[in-house]
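J.: Before I ask anything, let me first share the structure, which is written out below as C-alpha cells.
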Amino acid sequence: MGLFDEDVDQIAQPDDKNRLFETQQEITGFNRHYVKLLLIVAALVIVVGTVIYYITLPGIGDQVLGPKGLEENVRSYFLDVQKRTATDVTFFYCGGYYTVKVDVEARYDIPGNPLAAIPTYWAKAVSRDGGKWDISVPSDQTGFSDADPCRSK
C-alpha cells in the first residue's frame, strides 16, 4: 500500500461496541472531579487568606496608621491648646486607645518656659461618640518610649 493509495472503508462488525456513550460518561466523571478540585482549592484559598489576615492584625504597641480624622484632631489640638506646630505624628495601637508620638517645633526663643524646648510629646487619644477624639497630654513625658509606647511610668 502506497502513500497516496486510498483505504477501503471497513464496515463495522455487529460485535463492535459503540464507544460514544462510554466517552460521554468519562467526560461527565471528569467534570465532577474538576468541581471537587475547584471547591478544595477555593476552601484552601479562604483558609490561607483568613490566617494571613489574622497574622497581620496589629498587636498592642504596634505602630499603625491612625484612624480617619485622628491625625487632623491631634494637629489641631497641639496648635490650639499646646500652641505648638506638629511636624510628625506617629500612632501606636494600645487596645481601646491610641498612643500618639508628636514631634513638634522646638521653641528655644522662649527662655522662661522650659517645656517649649521639648521636641517630642506623647499623647493619648481615646475615641468617643460621633467620631470625636479625647486627646490628653500628660505633664510627665518621661515614661514613654518607642519600645513600649502603651506603658508609661
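By order of appearance in the C-alpha cells: chains A, B, ..., then residues from 1 within every chain, and ligands from 1 in the order shown.
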Run DSSP on the backbone and grab whatever in region 29-143 of chain A lands in strand (DSSP E or B); send it over as a ChimeraX atom specification.

T.: /A:63-64,86-93,97-104,120-127,133-136

J.: Go ahead and write the selection's residues with N, CA and C atoms as an mmCIF file, in the first residue's frame.

T.:
data_model
loop_
_atom_site.group_PDB
_atom_site.id
_atom_site.type_symbol
_atom_site.label_atom_id
_atom_site.label_comp_id
_atom_site.auth_asym_id
_atom_site.auth_seq_id
_atom_site.Cartn_x
_atom_site.Cartn_y
_atom_site.Cartn_z
ATOM 1 N N GLN A 63 3.042 50.044 65.706
ATOM 2 C CA GLN A 63 2.853 51.314 65.007
ATOM 3 C C GLN A 63 1.847 51.089 63.889
ATOM 4 N N VAL A 64 0.830 51.948 63.838
ATOM 5 C CA VAL A 64 -0.252 51.799 62.869
ATOM 6 C C VAL A 64 -0.548 53.139 62.212
ATOM 7 N N ALA A 86 2.783 70.746 65.079
ATOM 8 C CA ALA A 86 3.200 69.348 64.957
ATOM 9 C C ALA A 86 3.851 69.134 63.598
ATOM 10 N N THR A 87 5.046 68.527 63.607
ATOM 11 C CA THR A 87 5.742 68.257 62.352
ATOM 12 C C THR A 87 5.569 66.813 61.911
ATOM 13 N N ASP A 88 5.540 65.880 62.861
ATOM 14 C CA ASP A 88 5.387 64.468 62.531
ATOM 15 C C ASP A 88 4.509 63.823 63.596
ATOM 16 N N VAL A 89 3.570 62.994 63.158
ATOM 17 C CA VAL A 89 2.649 62.332 64.078
ATOM 18 C C VAL A 89 2.722 60.831 63.817
ATOM 19 N N THR A 90 2.977 60.059 64.879
ATOM 20 C CA THR A 90 3.078 58.601 64.789
ATOM 21 C C THR A 90 2.084 57.988 65.762
ATOM 22 N N PHE A 91 1.341 56.976 65.307
ATOM 23 C CA PHE A 91 0.307 56.344 66.127
ATOM 24 C C PHE A 91 0.727 54.935 66.521
ATOM 25 N N PHE A 92 0.407 54.571 67.767
ATOM 26 C CA PHE A 92 0.655 53.227 68.275
ATOM 27 C C PHE A 92 -0.668 52.689 68.810
ATOM 28 N N TYR A 93 -1.029 51.479 68.398
ATOM 29 C CA TYR A 93 -2.290 50.855 68.819
ATOM 30 C C TYR A 93 -2.125 50.285 70.221
ATOM 31 N N TYR A 97 -7.381 52.440 72.926
ATOM 32 C CA TYR A 97 -6.957 53.813 72.667
ATOM 33 C C TYR A 97 -5.681 53.796 71.828
ATOM 34 N N TYR A 98 -5.238 54.965 71.447
ATOM 35 C CA TYR A 98 -4.005 55.115 70.672
ATOM 36 C C TYR A 98 -3.038 56.008 71.448
ATOM 37 N N THR A 99 -1.787 55.600 71.491
ATOM 38 C CA THR A 99 -0.739 56.470 71.995
ATOM 39 C C THR A 99 -0.153 57.182 70.789
ATOM 40 N N VAL A 100 0.031 58.481 70.909
ATOM 41 C CA VAL A 100 0.462 59.286 69.776
ATOM 42 C C VAL A 100 1.793 59.946 70.121
ATOM 43 N N LYS A 101 2.781 59.720 69.258
ATOM 44 C CA LYS A 101 4.072 60.406 69.403
ATOM 45 C C LYS A 101 4.039 61.584 68.440
ATOM 46 N N VAL A 102 4.187 62.799 68.988
ATOM 47 C CA VAL A 102 4.073 64.005 68.186
ATOM 48 C C VAL A 102 5.396 64.764 68.249
ATOM 49 N N ASP A 103 6.044 64.902 67.110
ATOM 50 C CA ASP A 103 7.235 65.748 67.026
ATOM 51 C C ASP A 103 6.762 67.162 66.728
ATOM 52 N N VAL A 104 7.262 68.098 67.506
ATOM 53 C CA VAL A 104 6.855 69.499 67.359
ATOM 54 C C VAL A 104 8.095 70.362 67.142
ATOM 55 N N THR A 120 9.562 66.531 71.392
ATOM 56 C CA THR A 120 8.657 65.393 71.198
ATOM 57 C C THR A 120 7.687 65.290 72.375
ATOM 58 N N TYR A 121 6.420 65.148 72.051
ATOM 59 C CA TYR A 121 5.384 64.934 73.058
ATOM 60 C C TYR A 121 4.721 63.588 72.808
ATOM 61 N N TRP A 122 4.239 63.006 73.895
ATOM 62 C CA TRP A 122 3.430 61.796 73.813
ATOM 63 C C TRP A 122 2.030 62.164 74.268
ATOM 64 N N ALA A 123 1.035 61.668 73.554
ATOM 65 C CA ALA A 123 -0.350 61.963 73.892
ATOM 66 C C ALA A 123 -1.156 60.666 73.858
ATOM 67 N N LYS A 124 -2.323 60.721 74.454
ATOM 68 C CA LYS A 124 -3.249 59.586 74.464
ATOM 69 C C LYS A 124 -4.532 60.029 73.795
ATOM 70 N N ALA A 125 -4.999 59.258 72.812
ATOM 71 C CA ALA A 125 -6.225 59.577 72.091
ATOM 72 C C ALA A 125 -7.248 58.466 72.312
ATOM 73 N N VAL A 126 -8.405 58.837 72.837
ATOM 74 C CA VAL A 126 -9.479 57.882 73.114
ATOM 75 C C VAL A 126 -10.684 58.288 72.283
ATOM 76 N N SER A 127 -11.263 57.325 71.592
ATOM 77 C CA SER A 127 -12.423 57.603 70.747
ATOM 78 C C SER A 127 -13.676 57.762 71.605
ATOM 79 N N TRP A 133 -12.593 62.678 69.245
ATOM 80 C CA TRP A 133 -11.473 62.103 69.976
ATOM 81 C C TRP A 133 -11.164 62.947 71.206
ATOM 82 N N ASP A 134 -10.936 62.277 72.333
ATOM 83 C CA ASP A 134 -10.435 62.937 73.537
ATOM 84 C C ASP A 134 -8.920 62.779 73.524
ATOM 85 N N ILE A 135 -8.220 63.903 73.451
ATOM 86 C CA ILE A 135 -6.764 63.880 73.390
ATOM 87 C C ILE A 135 -6.232 64.483 74.673
ATOM 88 N N SER A 136 -5.340 63.762 75.331
ATOM 89 C CA SER A 136 -4.746 64.255 76.564
ATOM 90 C C SER A 136 -3.232 64.104 76.487
#

J.: So which residues of region 29-89 of chain A fall under helix (DSSP H, G or I) by DSSP, listed as a PyMOL selection string?

T.: chain A and resi 29-55+70-80

J.: For the selection you just gave me, I'd like the residues written to a file as a PDB file, in the first residue's frame, keeping C-alpha atoms.

T.:
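result03.pdb, freshly written:
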ATOM      1  CA  GLY A  29     -16.980  11.954  35.569  1.00  0.00           C
ATOM      2  CA  PHE A  30     -14.081  14.266  34.795  1.00  0.00           C
ATOM      3  CA  ASN A  31     -16.323  17.311  35.331  1.00  0.00           C
ATOM      4  CA  ARG A  32     -17.347  16.030  38.751  1.00  0.00           C
ATOM      5  CA  HIS A  33     -13.702  15.576  39.736  1.00  0.00           C
ATOM      6  CA  TYR A  34     -12.888  19.029  38.376  1.00  0.00           C
ATOM      7  CA  VAL A  35     -15.633  20.626  40.509  1.00  0.00           C
ATOM      8  CA  LYS A  36     -14.372  18.791  43.606  1.00  0.00           C
ATOM      9  CA  LEU A  37     -10.840  20.001  42.937  1.00  0.00           C
ATOM     10  CA  LEU A  38     -12.071  23.553  42.392  1.00  0.00           C
ATOM     11  CA  LEU A  39     -14.001  23.502  45.692  1.00  0.00           C
ATOM     12  CA  ILE A  40     -10.962  22.193  47.566  1.00  0.00           C
ATOM     13  CA  VAL A  41      -8.739  24.909  46.088  1.00  0.00           C
ATOM     14  CA  ALA A  42     -11.323  27.602  46.911  1.00  0.00           C
ATOM     15  CA  ALA A  43     -11.596  26.375  50.516  1.00  0.00           C
ATOM     16  CA  LEU A  44      -7.805  26.334  50.809  1.00  0.00           C
ATOM     17  CA  VAL A  45      -7.552  29.909  49.484  1.00  0.00           C
ATOM     18  CA  ILE A  46     -10.172  31.080  52.012  1.00  0.00           C
ATOM     19  CA  VAL A  47      -8.379  29.376  54.905  1.00  0.00           C
ATOM     20  CA  VAL A  48      -4.967  30.775  53.903  1.00  0.00           C
ATOM     21  CA  GLY A  49      -6.463  34.257  53.433  1.00  0.00           C
ATOM     22  CA  THR A  50      -8.064  34.126  56.874  1.00  0.00           C
ATOM     23  CA  VAL A  51      -4.791  33.040  58.502  1.00  0.00           C
ATOM     24  CA  ILE A  52      -2.849  35.819  56.756  1.00  0.00           C
ATOM     25  CA  TYR A  53      -5.488  38.387  57.795  1.00  0.00           C
ATOM     26  CA  TYR A  54      -5.296  37.237  61.425  1.00  0.00           C
ATOM     27  CA  ILE A  55      -1.494  37.277  61.493  1.00  0.00           C
ATOM     28  CA  LEU A  70      -7.380  61.412  64.278  1.00  0.00           C
ATOM     29  CA  GLU A  71      -4.248  62.990  62.826  1.00  0.00           C
ATOM     30  CA  GLU A  72      -6.158  66.166  62.000  1.00  0.00           C
ATOM     31  CA  ASN A  73      -7.571  66.286  65.548  1.00  0.00           C
ATOM     32  CA  VAL A  74      -4.115  65.773  67.078  1.00  0.00           C
ATOM     33  CA  ARG A  75      -2.559  68.501  64.928  1.00  0.00           C
ATOM     34  CA  SER A  76      -5.348  70.975  65.751  1.00  0.00           C
ATOM     35  CA  TYR A  77      -5.131  70.082  69.464  1.00  0.00           C
ATOM     36  CA  PHE A  78      -1.405  70.815  69.567  1.00  0.00           C
ATOM     37  CA  LEU A  79      -1.845  74.032  67.614  1.00  0.00           C
ATOM     38  CA  ASP A  80      -4.842  75.330  69.599  1.00  0.00           C
TER      39      ASP A  80
END

J.: Work out how far CA of Gly131 (chain A) is from CA of Pro67 (chain A), in Å to one decimal.

T.: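 So the two atoms, CA of Pro67 (chain A) and CA of Gly131 (chain A), lie 9.7 Å apart.
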
J.: Would you mind reading off the distance between CA of Arg128 (chain A) and CA of Leu57 (chain A), one decimal, in Å?

T.: 22.4 Å

J.: Just give me the gap between CA of Leu115 (chain A) and CA of Arg151 (chain A) in Å, one decimal is fine.

T.: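 Spanning CA of Leu115 (chain A) to CA of Arg151 (chain A) is a straight-line distance of 22.0 Å.
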